[in-house]
Amino acid sequence: MRPVVLFARGRELPRAVLCGAVVALVAVALAGRALEVPDIRYLTDYSVPIAAVVPVAHAVVLGTALFSPMAVLEEGAARLLRWYESLHVLLLTAVGLVWTAVPLLAGLPGHVFASSVRNVVGFLGLAMISARLFGSGLAWLLPLVTVGPTLLLGVGPDNTPEFWAWPIQPGGNLGATLVAAGLWVFGLALVVCVGPRRSERDEAL
């Protein structure tokens with residue numbers, strides 16, 4: 001068990017779990033509320049359940065635990081860590097799903113829970129992609145860059161989500177579910193097969 005413990009500590013997983021638990025408790029307190037989003041193109045008001053937006057915070061927190069700051073040294077280890085990395089991503093996803101389920105204790109409707117599950121999977125996929133493109137320290141970039149324009153530009157003139165605005169689609173929307181799943185699978189492939197982007201400091205090491 002010692003290698004597993006060291007692997008988790010190296011990625012500051014305990015800190016991420018604690019921070020995410022705090023976010024989950026806040027989501028419980030706000031489970032029955034909605035976020036009023038003023039669409040800036042058509043000046044329509046569209047409400048999104050807060051529980052469906054909270055997953056972006058979960059993804060940001062979990063994204064900080066994707067890679068170790070000493071990943072360049074891990075690559076030089078005698079034993080390949082791809083197996084651990086795969087299990088690590090699965091564990092992070094499971095933790096995110098558990099956090100998403102916590103607001104159910106406060107009576108979160110089933111359809112909102114479904115959209116929350118989809119969003120935590122999709123945003124975590126974006127975090128993994130961001131970690132590869134911009135470095136592990138910027139794993140939060142793509143989730144935040146995605147959610148902002150989606151909330152402000154993702155509602156059409158008929159006051160319904162645009163086809164591309166997958167994070168604010170209803171929970172049972174098949175297209176949005178497939179997009180989220182695709183992002184997660186692609187992100188997992190990048191994490192396991194490619195790893196984080198190396199910085200100039202890493203190359204120097």
# chains A, B, ... in the order shown; residues from 1 in each chain; ligands from 1
>>> residues_around(residues="A:Arg118", least_positions_apart="3", cutoff="9 Å", atoms="only C-alpha atoms", output="list in words")
Ala52, Pro55, Phe113, Ala114, Ser115, Val121, Gly122, Phe123, Pro167, Gly171, Ala176, Thr177, Ala180 and Ala181 of chain A
>>> write_last_selection(atoms="C-alpha atoms", output="PDB file, in the first residue's frame")
ATOM      1  CA  ALA A  52     -25.644  21.620 -12.586  1.00  0.00           C
ATOM      2  CA  PRO A  55     -19.479  20.312 -11.273  1.00  0.00           C
ATOM      3  CA  PHE A 113     -28.716  15.072 -10.766  1.00  0.00           C
ATOM      4  CA  ALA A 114     -28.430  13.540 -14.240  1.00  0.00           C
ATOM      5  CA  SER A 115     -27.181  16.812 -15.722  1.00  0.00           C
ATOM      6  CA  VAL A 121     -17.633  13.881 -16.284  1.00  0.00           C
ATOM      7  CA  GLY A 122     -17.371  16.354 -19.159  1.00  0.00           C
ATOM      8  CA  PHE A 123     -15.606  19.075 -17.203  1.00  0.00           C
ATOM      9  CA  PRO A 167     -23.418  21.843 -20.002  1.00  0.00           C
ATOM     10  CA  GLY A 171     -30.236  15.864 -18.033  1.00  0.00           C
ATOM     11  CA  ALA A 176     -24.819  16.407 -24.455  1.00  0.00           C
ATOM     12  CA  THR A 177     -24.184  13.085 -22.706  1.00  0.00           C
ATOM     13  CA  ALA A 180     -19.303  14.764 -22.051  1.00  0.00           C
ATOM     14  CA  ALA A 181     -18.390  11.086 -22.328  1.00  0.00           C
TER      15      ALA A 181
END
>>> residues_around(residues="stretch 64-66 of chain A", least_positions_apart="2", cutoff="8 Å", atoms="only C-alpha atoms", output="MDAnalysis selection string")
chainID A and resid 11:13 16 60:62 68 88:89 128 136:137 139:140
>>> residues_around(residues="A:Ala24", least_positions_apart="3", cutoff="10 Å", atoms="only C-alpha atoms", output="list in words")
Leu18, Cys19, Gly20, Ala21, Ala27, Val28, Ala29, Leu30, Ala31, Ala51, Val54, Pro55, Ala57, His58, Gly96, Val98, Trp99, Thr100, Ala101, Val102 and Pro103 of chain A
>>> closest_residue(among="A:Val17, A:Leu87, A:Val155, A:Leu144", to="A:Glu36", atoms="only C-alpha atoms")
A:Val155
>>> decode(residues="stretch 113-140 of chain A", atoms="N, CA and C atoms", output="compact mmCIF listing (two decimals), in the first residue's frame")
# COMPACT_ATOMS: atom_id res chain seq x y z
N PHE A 113 -29.83 15.96 -11.10
CA PHE A 113 -28.72 15.07 -10.77
C PHE A 113 -28.10 14.48 -12.03
N ALA A 114 -28.95 14.11 -12.99
CA ALA A 114 -28.43 13.54 -14.24
C ALA A 114 -27.56 14.54 -14.99
N SER A 115 -27.99 15.79 -15.05
CA SER A 115 -27.18 16.81 -15.72
C SER A 115 -25.91 17.09 -14.94
N SER A 116 -25.96 17.00 -13.61
CA SER A 116 -24.77 17.22 -12.79
C SER A 116 -23.73 16.12 -13.02
N VAL A 117 -24.19 14.89 -13.10
CA VAL A 117 -23.29 13.77 -13.37
C VAL A 117 -22.63 13.94 -14.73
N ARG A 118 -23.44 14.27 -15.73
CA ARG A 118 -22.88 14.49 -17.07
C ARG A 118 -21.84 15.60 -17.05
N ASN A 119 -22.14 16.67 -16.35
CA ASN A 119 -21.23 17.82 -16.36
C ASN A 119 -19.93 17.55 -15.62
N VAL A 120 -19.99 16.82 -14.52
CA VAL A 120 -18.74 16.55 -13.80
C VAL A 120 -17.83 15.65 -14.64
N VAL A 121 -18.43 14.74 -15.39
CA VAL A 121 -17.63 13.88 -16.28
C VAL A 121 -17.03 14.71 -17.42
N GLY A 122 -17.86 15.56 -18.04
CA GLY A 122 -17.37 16.35 -19.16
C GLY A 122 -16.33 17.38 -18.75
N PHE A 123 -16.56 18.06 -17.64
CA PHE A 123 -15.61 19.07 -17.20
C PHE A 123 -14.30 18.45 -16.72
N LEU A 124 -14.38 17.26 -16.12
CA LEU A 124 -13.14 16.57 -15.73
C LEU A 124 -12.36 16.17 -16.98
N GLY A 125 -13.08 15.77 -18.03
CA GLY A 125 -12.40 15.49 -19.29
C GLY A 125 -11.69 16.72 -19.82
N LEU A 126 -12.36 17.88 -19.75
CA LEU A 126 -11.72 19.12 -20.18
C LEU A 126 -10.50 19.45 -19.32
N ALA A 127 -10.58 19.16 -18.01
CA ALA A 127 -9.44 19.41 -17.13
C ALA A 127 -8.26 18.55 -17.54
N MET A 128 -8.51 17.29 -17.91
CA MET A 128 -7.42 16.42 -18.34
C MET A 128 -6.81 16.90 -19.65
N ILE A 129 -7.67 17.35 -20.57
CA ILE A 129 -7.17 17.88 -21.84
C ILE A 129 -6.36 19.14 -21.61
N SER A 130 -6.86 20.01 -20.73
CA SER A 130 -6.17 21.25 -20.42
C SER A 130 -4.80 20.99 -19.80
N ALA A 131 -4.73 19.98 -18.93
CA ALA A 131 -3.46 19.65 -18.30
C ALA A 131 -2.42 19.23 -19.33
N ARG A 132 -2.86 18.55 -20.37
CA ARG A 132 -1.94 18.14 -21.41
C ARG A 132 -1.54 19.32 -22.30
N LEU A 133 -2.48 20.18 -22.65
CA LEU A 133 -2.21 21.27 -23.58
C LEU A 133 -1.41 22.40 -22.94
N PHE A 134 -1.74 22.72 -21.68
CA PHE A 134 -1.18 23.92 -21.06
C PHE A 134 -0.32 23.65 -19.82
N GLY A 135 -0.25 22.41 -19.41
CA GLY A 135 0.49 22.07 -18.20
C GLY A 135 -0.46 21.78 -17.05
N SER A 136 -0.01 20.93 -16.14
CA SER A 136 -0.89 20.48 -15.05
C SER A 136 -1.34 21.62 -14.15
N GLY A 137 -0.54 22.69 -14.07
CA GLY A 137 -0.94 23.83 -13.25
C GLY A 137 -2.10 24.61 -13.81
N LEU A 138 -2.42 24.37 -15.10
CA LEU A 138 -3.53 25.07 -15.75
C LEU A 138 -4.65 24.09 -16.14
N ALA A 139 -4.78 23.03 -15.37
CA ALA A 139 -5.85 22.06 -15.65
C ALA A 139 -7.23 22.69 -15.53
N TRP A 140 -7.34 23.80 -14.80
CA TRP A 140 -8.61 24.47 -14.59
C TRP A 140 -9.03 25.34 -15.77
